[in-house]
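Q: So I've got this file, my_file.txt, and it contains compact mmCIF, C-alpha atoms:
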```
# COMPACT_ATOMS: atom_id res chain seq x y z
CA ILE A 1 118.14 116.52 -12.07
CA ILE A 2 118.28 116.79 -8.29
CA VAL A 3 118.52 120.34 -6.95
CA GLN A 4 119.77 120.48 -3.37
CA ILE A 5 118.65 123.53 -1.40
CA SER A 6 118.23 124.44 2.25
CA LEU A 7 115.30 126.45 3.55
CA LYS A 8 116.08 126.10 7.27
CA PRO A 9 114.24 127.16 9.35
CA LEU A 10 111.51 126.93 6.66
CA ASN A 11 112.31 123.30 5.90
CA MET A 12 108.63 122.37 6.18
CA LEU A 13 107.94 124.07 2.83
CA HIS A 14 108.00 122.26 -0.49
CA ILE A 15 108.65 124.49 -3.48
CA GLN A 16 108.51 123.29 -7.08
CA ILE A 17 111.66 124.68 -8.69
CA VAL A 18 112.44 122.06 -11.34
CA GLY A 19 113.23 123.79 -14.62
CA ARG A 20 113.32 127.26 -13.07
CA LEU A 21 116.94 127.42 -11.97
CA ILE A 22 119.24 127.20 -14.97
CA GLN A 23 122.84 127.31 -13.75
CA LYS A 24 124.93 127.26 -10.59
CA GLN A 25 124.80 130.35 -8.39
CA ASP A 26 121.52 131.32 -10.09
CA ILE A 27 119.23 133.23 -7.70
CA ARG A 28 115.46 133.34 -8.12
CA PHE A 29 112.52 134.62 -6.09
CA PHE A 30 109.36 132.55 -5.64
CA GLN A 31 105.99 133.31 -4.12
CA LYS A 32 104.55 130.18 -2.61
CA LYS A 33 100.92 129.59 -1.63
CA LEU A 34 100.96 127.39 1.44
CA CYS A 35 98.87 124.23 1.23
CA GLN A 36 96.84 122.90 4.16
CA LYS A 37 99.61 120.50 5.23
CA GLU A 38 102.14 123.32 5.32
CA LEU A 39 99.76 125.64 7.16
CA GLY A 40 99.07 123.03 9.78
CA THR A 41 95.98 122.72 11.91
CA LEU A 42 96.70 126.00 13.69
CA SER A 43 95.82 128.08 10.63
CA ALA A 44 93.02 125.95 9.21
CA GLY A 45 90.84 127.91 6.82
CA LYS A 46 93.38 130.70 6.29
CA VAL A 47 95.31 131.28 3.07
CA ARG A 48 98.90 132.44 3.39
CA TYR A 49 101.63 133.21 0.90
CA ILE A 50 105.36 133.34 1.49
CA SER A 51 108.15 134.76 -0.64
CA VAL A 52 111.37 132.76 -0.76
CA GLN A 53 114.76 133.55 -2.30
CA ILE A 54 116.59 130.45 -3.55
CA LYS A 55 120.19 130.19 -4.66
CA LEU A 56 121.30 127.15 -6.63
CA HIS A 57 124.47 125.59 -5.21
CA GLN A 58 124.68 122.18 -6.85
CA ILE A 59 123.09 120.10 -9.60
CA LYS A 60 123.24 116.31 -9.72
CA ARG A 61 121.90 113.86 -12.26
CA LYS A 62 120.41 110.64 -10.89
CA GLU A 63 121.64 107.53 -12.70
CA LEU A 64 119.63 104.39 -12.02
CA PRO A 65 121.35 100.99 -12.15
CA THR A 66 120.21 98.29 -14.58
CA LEU A 67 117.53 96.07 -13.11
CA ASP A 68 119.10 92.64 -13.56
CA ASP A 69 120.20 89.62 -11.51
CA GLU A 70 123.52 91.25 -10.63
CA PHE A 71 121.70 94.23 -9.16
CA ALA A 72 119.39 91.85 -7.23
CA LYS A 73 122.39 90.00 -5.80
CA ASP A 74 123.82 93.28 -4.52
CA LEU A 75 120.62 93.53 -2.45
CA ASP A 76 120.95 89.93 -1.15
CA TYR A 77 118.39 88.42 -3.56
CA ASP A 78 119.11 85.51 -5.90
CA ASN A 79 117.55 87.13 -8.96
CA VAL A 80 115.21 89.86 -10.17
CA ASP A 81 112.08 87.77 -9.58
CA GLU A 82 113.04 87.26 -5.95
CA LEU A 83 113.78 90.97 -5.66
CA ARG A 84 110.32 91.85 -6.97
CA LYS A 85 108.70 89.44 -4.51
CA GLY A 86 110.73 90.91 -1.68
CA VAL A 87 109.78 94.48 -2.59
CA GLU A 88 106.11 93.48 -2.85
CA ALA A 89 106.25 91.81 0.56
CA ASP A 90 107.86 94.91 2.09
CA MET A 91 105.18 97.16 0.58
CA LEU A 92 102.39 94.94 1.90
CA GLU A 93 104.01 94.92 5.33
CA HIS A 94 104.23 98.73 5.36
CA ARG A 95 100.61 99.06 4.24
CA GLN A 96 99.46 96.66 6.94
CA SER A 97 101.48 98.58 9.52
CA ASP A 98 99.88 101.86 8.39
CA ALA A 99 96.41 100.28 8.55
CA ASP A 100 97.08 98.95 12.06
CA LYS A 101 98.23 102.37 13.24
CA GLU A 102 95.17 104.05 11.74
CA PHE A 103 92.87 101.47 13.37
CA GLU A 104 94.54 102.03 16.74
CA ALA A 105 94.25 105.82 16.38
CA LYS A 106 90.52 105.54 15.59
CA LEU A 107 89.99 103.33 18.63
CA MET A 108 91.72 105.85 20.87
CA GLU A 109 89.53 108.61 19.44
CA GLU A 110 86.45 106.54 20.28
CA LEU A 111 87.70 106.03 23.84
CA VAL A 112 88.18 109.76 24.29
CA ALA A 113 84.76 110.55 22.80
CA ASN A 114 83.03 108.15 25.23
CA VAL A 115 84.70 109.29 28.45
CA GLU A 116 82.11 110.53 30.94
CA ALA A 117 83.64 111.97 34.09
CA GLU A 118 83.97 115.14 36.11
CA ILE A 119 87.59 116.03 35.39
CA PRO A 120 89.22 118.96 37.23
CA GLU A 121 90.18 121.76 34.86
CA VAL A 122 93.62 121.92 36.49
CA MET A 123 94.46 118.56 34.88
CA PHE A 124 93.83 119.99 31.42
CA ASP A 125 95.76 123.17 32.22
CA THR A 126 98.75 121.25 33.54
CA GLN A 127 98.86 119.01 30.47
CA LYS A 128 98.54 122.03 28.17
CA GLU A 129 101.51 123.77 29.77
CA GLU A 130 103.54 120.58 29.52
CA ASN A 131 102.68 120.30 25.82
CA ILE A 132 103.67 123.90 25.16
CA ASN A 133 106.99 123.49 26.98
CA ASN A 134 107.80 120.28 25.08
CA PHE A 135 106.90 121.94 21.77
CA ALA A 136 109.06 124.96 22.58
CA GLN A 137 112.02 122.69 23.40
CA ARG A 138 111.70 120.86 20.07
CA LEU A 139 111.63 124.18 18.23
CA ALA A 140 114.65 125.42 20.18
CA GLN A 141 116.63 122.40 18.97
CA GLN A 142 116.03 123.71 15.42
CA GLY A 143 117.00 127.24 16.35
CA ILE A 144 113.45 128.63 16.35
CA ASP A 145 111.34 130.12 19.13
CA VAL A 146 107.57 129.82 19.43
CA ASP A 147 106.83 133.40 18.36
CA THR A 148 108.90 132.99 15.19
CA TYR A 149 107.16 129.70 14.42
CA LEU A 150 103.72 131.29 14.86
CA SER A 151 104.76 134.10 12.55
CA TYR A 152 105.82 131.61 9.86
CA MET A 153 102.56 129.71 10.22
CA GLY A 154 100.44 132.85 10.04
CA THR A 155 98.68 132.29 13.35
CA ASP A 156 98.59 133.94 16.75
CA LYS A 157 99.27 132.86 20.30
CA ASP A 158 95.58 132.50 21.22
CA ALA A 159 94.94 130.04 18.37
CA PHE A 160 98.12 128.15 19.28
CA GLU A 161 97.16 127.81 22.94
CA SER A 162 93.61 126.84 21.98
CA SER A 163 95.01 124.03 19.84
CA MET A 164 97.27 122.90 22.68
CA ARG A 165 94.29 122.97 25.04
CA GLU A 166 92.27 120.68 22.76
CA GLN A 167 95.21 118.30 22.53
CA ALA A 168 95.59 118.32 26.31
CA VAL A 169 91.90 117.50 26.87
CA SER A 170 92.19 114.47 24.60
CA GLN A 171 95.40 113.32 26.29
CA VAL A 172 93.96 113.56 29.80
CA LYS A 173 90.74 111.79 28.86
CA LEU A 174 92.62 109.03 27.07
CA GLY A 175 94.94 108.56 30.04
CA LEU A 176 92.01 108.25 32.43
CA ALA A 177 90.24 105.79 30.11
CA LEU A 178 93.30 103.57 29.80
CA ASP A 179 93.87 103.66 33.56
CA LYS A 180 90.27 102.55 34.17
CA ILE A 181 90.54 99.72 31.64
CA ALA A 182 93.76 98.55 33.32
CA GLU A 183 91.96 98.55 36.68
CA LEU A 184 88.86 96.70 35.46
CA GLU A 185 90.78 94.14 33.40
CA LYS A 186 93.52 93.77 36.04
CA ILE A 187 96.27 94.57 33.54
CA GLU A 188 99.60 95.03 35.30
CA VAL A 189 103.30 95.48 34.56
CA GLY A 190 105.60 93.20 36.52
CA ALA A 191 109.27 93.46 37.41
CA GLU A 192 110.09 90.97 34.63
CA ASP A 193 108.41 93.21 32.04
CA ILE A 194 110.45 96.21 33.17
CA GLU A 195 113.72 94.28 33.20
CA GLU A 196 113.05 92.91 29.71
CA GLU A 197 112.35 96.40 28.39
CA PHE A 198 115.59 97.73 29.89
CA LYS A 199 117.45 94.94 28.07
CA LYS A 200 115.75 95.81 24.76
CA LEU A 201 116.67 99.48 25.14
CA ALA A 202 120.25 98.61 26.04
CA GLU A 203 120.54 96.49 22.91
CA MET A 204 118.88 99.14 20.77
CA TYR A 205 121.26 101.89 21.87
CA ASN A 206 124.27 99.60 22.27
CA MET A 207 124.68 100.48 25.94
CA GLU A 208 125.03 98.61 29.21
CA VAL A 209 121.77 97.80 30.98
CA GLU A 210 122.88 99.62 34.14
CA LYS A 211 123.67 102.72 32.09
CA ILE A 212 120.17 102.67 30.58
CA LYS A 213 118.69 102.31 34.07
CA SER A 214 120.59 105.39 35.20
CA LEU A 215 119.12 107.41 32.31
CA ILE A 216 115.49 106.25 32.36
CA ALA A 217 113.32 106.40 35.46
CA GLU A 218 111.76 103.03 36.22
CA ASP A 219 108.36 104.49 37.16
CA LEU A 220 108.10 106.34 33.83
CA LEU A 221 109.07 103.20 31.94
CA LYS A 222 106.44 101.28 33.89
CA GLU A 223 103.78 103.83 32.90
CA ASP A 224 104.70 103.51 29.23
CA LEU A 225 104.64 99.71 29.36
CA LEU A 226 101.25 99.70 31.09
CA LYS A 227 99.85 102.03 28.45
CA GLU A 228 101.20 99.76 25.68
CA LYS A 229 99.60 96.72 27.30
CA VAL A 230 96.21 98.39 27.69
CA VAL A 231 96.22 99.77 24.15
CA LYS A 232 97.08 96.29 22.85
CA PHE A 233 94.23 94.84 24.90
CA VAL A 234 91.78 97.35 23.40
CA VAL A 235 93.00 96.72 19.85
CA ASP A 236 92.95 92.93 20.24
CA ASN A 237 89.37 92.99 21.56
CA ALA A 238 87.97 95.54 19.09
CA LYS A 239 86.03 94.63 15.97
CA ALA A 240 86.31 96.67 12.80
CA LEU A 241 83.10 97.41 10.90
CA LYS A 242 82.74 98.58 7.34
CA PRO A 243 81.91 102.30 7.00
CA GLY A 244 78.20 102.90 7.60
CA LYS A 245 77.57 99.42 9.03
CA LYS A 246 76.04 99.26 12.51
CA PRO A 247 76.50 96.42 15.01
CA ALA A 248 73.74 93.82 14.79
CA ALA A 249 71.16 94.08 17.56
CA LYS A 250 71.05 91.15 19.97
CA LYS A 251 67.97 88.95 19.55
CA ALA A 252 65.92 88.09 22.62
CA PRO A 253 65.57 84.37 23.47
CA ALA A 254 62.54 82.78 21.75
CA LYS A 255 60.68 81.97 24.99
CA LYS A 256 61.13 85.45 26.44
CA ALA A 257 60.12 87.07 23.17
CA ALA A 258 56.95 84.92 22.97
CA ALA A 259 56.08 85.66 26.59
CA LYS A 260 56.55 89.38 26.04
CA LYS A 261 54.30 89.28 22.96
CA ALA A 262 51.60 87.43 24.95
CA ASP A 263 51.81 89.95 27.80
CA ASP A 264 51.46 92.81 25.33
CA ALA A 265 48.42 91.20 23.71
CA GLU A 266 46.82 90.55 27.10
CA GLY A 267 47.46 94.10 28.15
CA GLU A 268 45.65 95.42 25.10
CA LYS A 269 42.52 93.40 25.96
CA LYS A 270 42.34 94.46 29.63
CA PRO A 271 40.58 97.77 30.33
CA ALA A 272 42.64 100.42 32.06
CA ALA A 273 42.31 100.44 35.88
CA LYS A 274 40.31 103.30 37.32
```
Please go through the file and, once you have read it, give me the structure as structure tokens.
A:
Amino acid sequence: IIVQISLKPLNMLHIQIVGRLIQKQDIRFFQKKLCQKELGTLSAGKVRYISVQIKLHQIKRKELPTLDDEFAKDLDYDNVDELRKGVEADMLEHRQSDADKEFEAKLMEELVANVEAEIPEVMFDTQKEENINNFAQRLAQQGIDVDTYLSYMGTDKDAFESSMREQAVSQVKLGLALDKIAELEKIEVGAEDIEEEFKKLAEMYNMEVEKIKSLIAEDLLKEDLLKEKVVKFVVDNAKALKPGKKPAAKKAPAKKAAAKKADDAEGEKKPAAK
């Protein structure tokens, strides 16, 4: 039985109510312990409970179709065997996509961790304020303000801003790293790349190319395309190692190694200079 409820603006919560609501218009109260995912990173380590009142409006019973060739044909497959193969291929594709995204994210983390530079604090502060403003706008679209959100999440403004600061530091460092890679590797975005991207966006949103150009600034699009190119370059040239495995050390050429060993032996025989 599917029970349809709405917890807006608490739609991030997942409450197990199967078997607890018996009939339509039934009203029950639940106390929910928030899990780590629901708490979010802002309240890590804290335990919070929330009381929710739920009213049952509708009950539906899910009826699954018979898995046969007719059902497969409705999904554009010749038969059930082809359907199974198609589903398996889709699942493998999704898993590969998830693995690729995780690999890329780990690479970006490594880039950030290895950035060594004297970065003005104002860059971090500016990025933090931009992040906060963007976050506030997304909440406003759902009818929530930041203070209300923080109250729901059981955290305070200092913890929230600290989290946004950490995020900003990573973003600035990553941006600088990607810019430097683009400079060293001479990675550029040409006019043809920009025009092709405008065409893709126009097709995606079913709009005229000129209309898309009037809505999206070319310099911002160019920045995004350059970032995509650099990230792809990093991913394509990275090598994945199994957990715990270290890169093999490079061996010195045989002649140099032999010469070094001879020098060391000779040095041991000679008395120290006075």
Q: Quick one, how far is atom CA of A:Arg138 from atom CA of A:Asp224?
A: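 Computing the Euclidean distance for atom CA of A:Arg138 and atom CA of A:Asp224 yields 20.8 Å.
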Q: Leaving out A:Lys232 and any residue of its chain fewer than 3 positions from it, which residues lie within 12 Å of it when counting all atoms listed in the file, given as a ChimeraX atom specification?
A: /A:100-101,103-105,107-108,178,181-182,187,225-229,235-238
Q: What does the distance from atom CA of A:Thr148 to atom CA of A:Val122 come to in Å, to one decimal?
A: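 These atoms are spaced 28.5 Å apart.
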Q: Rounded to one decimal place, report the atom CA of A:Ser214-atom CA of A:Glu188 distance in Å.
A: 23.4 Å
Q: For A:Glu130, which of A:Glu161, A:Glu93, A:Glu203, A:Glu223 is the closest residue, counting all atoms listed in the file?
A: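 Ranking A:Glu161, A:Glu93, A:Glu203, A:Glu223 by distance to A:Glu130, first place goes to A:Glu161.
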Q: At a cut-off of 10 Å, using only C-alpha atoms, what residues contact A:Ala202? Leave out same-chain residues fewer than 6 positions from it and give the result as number ranges by chain.
A: A: 196, 208-213
Q: Hey, can you pull every residue with an atom no more than 12 Å from (90.8, 119.2, 35.0), using all atoms listed in the file, and send it as a CSV table (one decimal) with C-alpha atoms, in the frame of the given file?
A:
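As written to disk, selection_11.csv reads:
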```csv
chain,number,residue,atom,x,y,z
A,117,ALA,CA,83.6,112.0,34.1
A,118,GLU,CA,84.0,115.1,36.1
A,119,ILE,CA,87.6,116.0,35.4
A,120,PRO,CA,89.2,119.0,37.2
A,121,GLU,CA,90.2,121.8,34.9
A,122,VAL,CA,93.6,121.9,36.5
A,123,MET,CA,94.5,118.6,34.9
A,124,PHE,CA,93.8,120.0,31.4
A,125,ASP,CA,95.8,123.2,32.2
A,126,THR,CA,98.8,121.2,33.5
A,127,GLN,CA,98.9,119.0,30.5
A,128,LYS,CA,98.5,122.0,28.2
A,165,ARG,CA,94.3,123.0,25.0
A,168,ALA,CA,95.6,118.3,26.3
A,169,VAL,CA,91.9,117.5,26.9
A,170,SER,CA,92.2,114.5,24.6
A,171,GLN,CA,95.4,113.3,26.3
A,172,VAL,CA,94.0,113.6,29.8
A,173,LYS,CA,90.7,111.8,28.9
A,176,LEU,CA,92.0,108.2,32.4
```
